$ cat upload-v7.txt   # compact mmCIF, C-alpha atoms
# COMPACT_ATOMS: atom_id res chain seq x y z
CA ASP A 1456 -13.11 4.40 -76.30
CA ASN A 1457 -16.19 6.29 -75.31
CA SER A 1458 -15.95 9.93 -74.58
CA GLY A 1459 -19.66 10.43 -74.27
CA GLY A 1460 -21.74 9.87 -71.15
CA GLY A 1461 -23.46 6.61 -70.26
CA ASP A 1462 -20.68 4.29 -71.47
CA ASP A 1463 -20.52 0.77 -70.00
CA ASP A 1464 -17.02 -0.61 -70.35
CA ASP A 1465 -13.23 -0.21 -70.44
CA ASP A 1466 -11.96 3.34 -70.12
CA ASN A 1467 -14.87 5.51 -69.22
CA SER A 1468 -14.39 9.14 -68.71
CA GLY A 1469 -18.04 9.95 -68.49
CA GLY A 1470 -20.27 9.48 -65.47
CA GLY A 1471 -22.34 6.40 -64.59
CA ASP A 1472 -19.75 3.83 -65.66
CA ASP A 1473 -19.94 0.31 -64.19
CA ASP A 1474 -16.57 -1.40 -64.50
CA ASP A 1475 -12.75 -1.31 -64.60
CA ASP A 1476 -11.22 2.14 -64.24
CA ASN A 1477 -13.88 4.49 -63.17
CA SER A 1478 -13.11 8.06 -62.59
CA GLY A 1479 -16.69 9.13 -62.27
CA GLY A 1480 -18.86 8.89 -59.17
CA GLY A 1481 -21.13 6.00 -58.22
CA ASP A 1482 -18.73 3.23 -59.27
CA ASP A 1483 -19.07 -0.26 -57.78
CA ASP A 1484 -15.79 -2.12 -58.10
CA ASP A 1485 -11.97 -2.21 -58.33
CA ASP A 1486 -10.27 1.14 -57.97
CA ASN A 1487 -12.80 3.61 -56.84
CA SER A 1488 -11.84 7.16 -56.32
CA GLY A 1489 -15.36 8.41 -55.90
CA GLY A 1490 -17.42 8.37 -52.69
CA GLY A 1491 -19.75 5.61 -51.56
CA ASP A 1492 -17.54 2.71 -52.61
CA ASP A 1493 -17.95 -0.71 -51.02
CA ASP A 1494 -14.76 -2.74 -51.39
CA ASP A 1495 -10.95 -3.00 -51.73
CA ASP A 1496 -9.06 0.27 -51.43
CA ASN A 1497 -11.46 2.88 -50.33
CA SER A 1498 -10.34 6.40 -49.92
CA GLY A 1499 -13.80 7.79 -49.48
CA GLY A 1500 -15.69 7.94 -46.19
CA GLY A 1501 -18.26 5.46 -44.96
CA ASP A 1502 -16.41 2.32 -46.05
CA ASP A 1503 -16.86 -0.91 -44.13
CA ASP A 1504 -13.74 -3.05 -44.45
CA ASP A 1505 -9.93 -3.39 -44.74
CA ASP A 1506 -8.03 -0.14 -44.22
CA ASN A 1507 -10.42 2.36 -42.84
CA SER A 1508 -9.45 5.78 -41.74
CA GLY A 1509 -12.70 6.75 -40.01
CA ASP A 1510 -14.23 3.31 -39.64
CA ASP A 1511 -15.49 1.02 -36.93
CA ASP A 1512 -13.20 -2.03 -37.20
CA ASP A 1513 -9.63 -3.39 -37.37
CA ASP A 1514 -7.11 -0.64 -36.66
CA ASN A 1515 -8.97 2.00 -34.78
CA SER A 1516 -7.21 5.19 -33.94
CA GLY A 1517 -10.19 6.78 -32.27
CA ASP A 1518 -11.07 6.08 -28.68
CA ASP A 1519 -14.36 5.28 -26.99
CA ASP A 1520 -14.95 1.94 -28.69
CA ASP A 1521 -11.97 -0.27 -28.23
CA ASP A 1522 -11.54 -2.29 -25.06
CA SER A 1523 -8.16 -3.93 -25.53
CA ALA A 1524 -4.52 -3.47 -26.58
CA ASP A 1525 -2.86 -0.09 -25.91
CA ASN A 1526 -5.46 2.48 -25.03
CA SER A 1527 -4.49 6.01 -24.39
CA GLY A 1528 -8.02 7.26 -23.97
CA GLY A 1529 -10.04 7.06 -20.78
CA ASP A 1530 -12.60 4.46 -19.77
CA ASP A 1531 -10.73 1.53 -21.28
CA ASP A 1532 -10.78 -1.82 -19.52
CA SER A 1533 -7.58 -3.69 -20.32
CA GLY A 1534 -4.01 -3.57 -21.60
CA ASP A 1535 -1.64 -0.69 -20.87
CA ASN A 1536 -3.67 2.15 -19.51
CA SER A 1537 -2.05 5.45 -18.90
CA SER A 1538 -5.10 7.34 -17.75
CA SER A 1539 -7.42 6.90 -14.80
CA ASP A 1540 -10.63 4.88 -14.41
CA ASP A 1541 -9.16 1.76 -15.95
CA SER A 1542 -9.61 -1.66 -14.38
CA GLY A 1543 -6.58 -3.76 -15.25
CA GLY A 1544 -3.09 -3.96 -16.69
CA ASP A 1545 -0.30 -1.50 -16.04
CA ASN A 1546 -1.77 1.67 -14.67
CA GLY A 1547 0.14 4.88 -14.44
CA ASP A 1548 -1.99 6.33 -11.71
CA SER A 1549 -1.80 5.37 -8.06
CA SER A 1550 -5.53 5.24 -7.29
CA GLY A 1551 -5.51 1.42 -7.01
CA GLU A 1552 -2.69 1.24 -4.52
CA SER A 1553 -3.46 0.45 -0.92
CA ALA A 1554 -1.47 2.77 1.33
CA THR A 1555 -0.55 1.80 4.91
CA PRO A 1556 -2.88 3.71 7.26
CA SER A 1557 -1.06 6.33 9.32
CA VAL A 1558 -1.03 6.41 13.12
CA ALA A 1559 -0.33 9.13 15.65
CA SER A 1560 3.10 10.62 14.98
CA THR A 1561 3.96 11.00 18.68
CA LEU A 1562 3.22 9.38 22.01
CA PRO A 1563 1.17 11.52 24.39
CA ASP A 1564 2.80 12.78 27.57
CA LEU A 1565 -0.01 11.31 29.65
CA GLU A 1566 0.36 7.80 31.04
CA SER A 1567 -2.08 4.96 30.37
CA VAL A 1568 -3.13 2.51 33.11
CA GLY A 1569 -4.99 -0.81 33.06
CA THR A 1570 -5.76 -3.54 35.59
CA SER A 1571 -6.11 -7.25 34.87
CA THR A 1572 -9.58 -8.65 35.50
CA GLY A 1573 -9.35 -12.27 34.40
CA GLY A 1574 -10.29 -11.30 30.83
CA ASP A 1575 -8.73 -9.47 27.91
CA VAL A 1576 -7.55 -5.94 28.74
CA SER A 1577 -5.93 -3.49 26.30
CA ILE A 1578 -3.80 -0.56 27.43
CA SER A 1579 -3.06 1.92 24.63
CA LEU A 1580 -0.84 4.96 24.36
CA GLY A 1581 -1.36 7.15 21.31
CA GLY A 1582 -4.16 5.01 19.92
CA GLU A 1583 -2.75 2.17 17.81
CA ARG A 1584 0.78 3.55 18.09
CA LEU A 1585 1.32 1.47 21.24
CA ILE A 1586 -0.98 -1.26 22.55
CA LEU A 1587 -0.26 -3.57 25.49
CA LYS A 1588 -2.68 -6.49 25.55
CA VAL A 1589 -3.28 -8.44 28.78
CA PHE A 1590 -4.76 -11.94 28.49
CA PRO A 1591 -7.13 -13.91 30.77
CA TRP A 1592 -4.32 -15.97 32.27
CA MET A 1593 -2.88 -12.88 33.94
CA PRO A 1594 -3.82 -12.99 37.67
CA SER A 1595 -6.48 -10.45 38.55
CA GLY A 1596 -5.52 -7.20 40.22
CA ILE A 1597 -2.23 -6.55 38.37
CA THR A 1598 -2.05 -2.84 37.55
CA ILE A 1599 0.12 -1.94 34.56
CA THR A 1600 1.21 1.58 33.66
CA VAL A 1601 2.67 2.68 30.31
CA ARG A 1602 4.18 6.13 29.85
CA LYS A 1603 6.42 8.00 27.45
CA ALA A 1604 10.13 8.15 28.38
CA LEU A 1605 12.69 10.88 27.85
CA PRO A 1606 15.73 9.65 25.84
CA THR A 1607 18.10 11.96 27.66
CA GLN A 1608 17.56 9.99 30.89
CA TYR A 1609 18.80 6.68 29.49
CA ALA A 1610 21.72 5.07 27.68
CA PHE A 1611 22.45 5.97 24.09
CA VAL A 1612 20.29 4.01 21.65
CA PRO A 1613 22.33 2.25 18.93
CA GLY A 1614 21.32 2.83 15.33
CA SER A 1615 18.30 4.99 14.50
CA LYS A 1616 15.43 5.48 16.92
CA VAL A 1617 12.00 5.24 15.28
CA GLY A 1618 10.24 8.51 16.07
CA ASP A 1619 9.69 9.11 19.78
CA LEU A 1620 9.01 5.44 20.53
CA MET A 1621 10.71 5.17 23.91
CA PHE A 1622 8.52 4.28 26.89
CA THR A 1623 8.39 2.56 30.28
CA ILE A 1624 6.20 -0.32 31.44
CA GLU A 1625 5.65 -0.66 35.19
CA ALA A 1626 3.39 -2.97 37.19
CA LYS A 1627 2.05 -3.44 40.74
CA ASP A 1628 0.36 -6.43 42.27
CA SER A 1629 -3.05 -6.33 43.92
CA PHE A 1630 -1.43 -5.12 47.18
CA GLY A 1631 0.30 -2.17 45.50
CA ASN A 1632 3.80 -3.70 45.52
CA MET A 1633 6.09 -2.88 42.58
CA LEU A 1634 6.85 -5.90 40.39
CA GLN A 1635 10.16 -6.67 38.71
CA THR A 1636 8.53 -8.92 36.11
CA LEU A 1637 4.96 -9.80 35.20
CA PRO A 1638 3.48 -13.13 36.35
CA ALA A 1639 2.30 -13.90 32.78
CA GLU A 1640 3.08 -12.82 29.24
CA VAL A 1641 1.54 -9.75 27.65
CA ASN A 1642 1.66 -8.71 24.01
CA LEU A 1643 3.28 -5.39 23.17
CA SER A 1644 2.51 -4.09 19.65
CA ILE A 1645 3.85 -0.96 18.01
CA ARG A 1646 2.76 0.88 14.86
CA TYR A 1647 4.85 3.57 13.19
CA ASN A 1648 4.64 5.75 10.07
CA ASP A 1649 6.51 5.44 6.77
CA SER A 1650 8.14 8.83 7.34
CA GLU A 1651 9.80 7.52 10.52
CA VAL A 1652 11.69 4.72 8.73
CA ARG A 1653 12.28 6.32 5.31
CA GLY A 1654 15.74 5.47 4.01
CA LEU A 1655 16.30 2.86 6.75
CA ASN A 1656 16.32 -0.94 6.70
CA GLU A 1657 12.80 -1.56 7.97
CA GLY A 1658 13.40 -5.30 7.96
CA THR A 1659 15.51 -4.96 11.12
CA VAL A 1660 13.18 -2.74 13.18
CA THR A 1661 13.48 -3.90 16.78
CA ILE A 1662 11.94 -3.42 20.21
CA SER A 1663 14.75 -3.34 22.77
CA ARG A 1664 14.72 -3.23 26.56
CA LEU A 1665 17.33 -1.46 28.66
CA ASN A 1666 19.27 -3.91 30.81
CA THR A 1667 19.96 -1.71 33.81
CA LEU A 1668 22.75 -3.94 35.17
CA GLU A 1669 24.76 -3.63 31.95
CA ASN A 1670 23.27 -0.27 30.88
CA GLN A 1671 22.83 -1.83 27.43
CA TRP A 1672 19.83 -2.21 25.12
CA ARG A 1673 18.86 -5.85 24.49
CA PRO A 1674 16.26 -7.08 21.96
CA ALA A 1675 12.90 -7.96 23.47
CA PRO A 1676 11.86 -11.63 23.25
CA LYS A 1677 9.64 -13.22 20.60
CA LEU A 1678 9.86 -10.34 18.14
CA TYR A 1679 7.50 -10.21 15.19
CA ARG A 1680 7.83 -7.73 12.29
CA ASP A 1681 5.55 -6.82 9.39
CA GLY A 1682 7.00 -4.01 7.34
CA ASN A 1683 3.96 -3.96 5.02
CA PHE A 1684 1.85 -2.71 7.91
CA ASN A 1685 4.59 -0.77 9.75
CA TYR A 1686 4.21 -3.13 12.67
CA VAL A 1687 6.50 -4.70 15.25
CA ALA A 1688 5.49 -6.72 18.34
CA SER A 1689 6.87 -8.75 21.24
CA SER A 1690 5.43 -11.20 23.76
CA LEU A 1691 7.13 -10.47 27.06
CA MET A 1692 7.05 -10.57 30.85
CA GLU A 1693 9.86 -8.07 31.45
CA LEU A 1694 9.23 -4.57 32.76
CA GLY A 1695 11.35 -1.45 32.43
CA VAL A 1696 12.35 0.95 29.65
CA PHE A 1697 11.80 0.04 26.01
CA VAL A 1698 12.69 1.64 22.68
CA VAL A 1699 11.86 0.97 19.03
CA HIS A 1700 14.90 1.39 16.81
CA ILE A 1701 16.75 0.11 13.75
CA PRO A 1702 20.18 -1.06 14.98
$ encode --input "upload-v7.txt" --output "structure tokens"
Amino acid sequence: DNSGGGDDDDDNSGGGDDDDDNSGGGDDDDDNSGGGDDDDDNSGGGDDDDDNSGDDDDDNSGDDDDDSADNSGGDDDSGDNSSSDDSGGDNGDSSGESATPSVASTLPDLESVGTSTGGDVSISLGGERLILKVFPWMPSGITITVRKALPTQYAFVPGSKVGDLMFTIEAKDSFGNMLQTLPAEVNLSIRYNDSEVRGLNEGTVTISRLNTLENQWRPAPKLYRDGNFNYVASSLMELGVFVVHIP
């Protein structure tokens, strides 16, 4: 039992002790309550291993360094990331989502006209909102006109009409005679906005043509739908009044 300074063993209350229970500073082993310790249970700062409360390894509560697991700080690369700028995992922000591009919300009141030339011809109304594509196998000289229609002039549309997408398609031959049907198929494609089908069953969006003999709307032929791109199309030869709706 050494109460004086400079003791080397057992219970040392003085400074500079080397072993066992050391209450003084500068100790090297076992239970070290002083600063600068190297091993086991280290309560002082600057330690290198095991349970470290301000360290560089194992369980790190600080951000900036760790790249994996659950990271609540910014700039992390993996795992569950709740803030922005991350690259993978489950991200709470919506910056990585690819939204469907919007198109014109209405059809213009002006008509659009195109004439077949033996090549590809596109007739658009409202940009990409309505495109009628004519192919090379259409005889030359067929003039096609597309214009917006007024719903009040035609039979009631069953279900929900998609925006203002009601229009007429007319055609004349090279001599100026009105045609009842086209001599070859054209492709009619329609784009709409999310707001126009919100709350509706987009999987049943339909292009219908008004059968004037029955005064009933009938689905256009060869329908194709892609709800991911807000797109519906038909390959047709019929002329007349058309509407886009969800029956």
$ atom_distance --input "upload-v7.txt" --atom1 "CA of Leu1587 in chain A" --atom2 "CA of Ser1567 in chain A"
10.0 Å
$ closest_residue --input "upload-v7.txt" --among "A:Glu1693, A:Glu1657, A:Asp1619, A:Glu1625" --to "Leu1562 in chain A" --atoms "only C-alpha atoms"
A:Asp1619
$ closest_residue --input "upload-v7.txt" --among "A:Arg1602, A:Ala1688, A:Leu1665, A:Thr1636" --to "Ser1579 in chain A" --atoms "only C-alpha atoms"
A:Arg1602
$ closest_residue --input "upload-v7.txt" --among "A:Tyr1679, A:Tyr1686, A:Trp1672, A:Trp1592" --to "Pro1638 in chain A" --atoms "only C-alpha atoms"
A:Trp1592
$ atom_distance --input "upload-v7.txt" --atom1 "CA of Ser1644 in chain A" --atom2 "CA of Ser1629 in chain A"
25.0 Å
$ atom_distance --input "upload-v7.txt" --atom1 "CA of Thr1659 in chain A" --atom2 "CA of Glu1566 in chain A"
28.1 Å
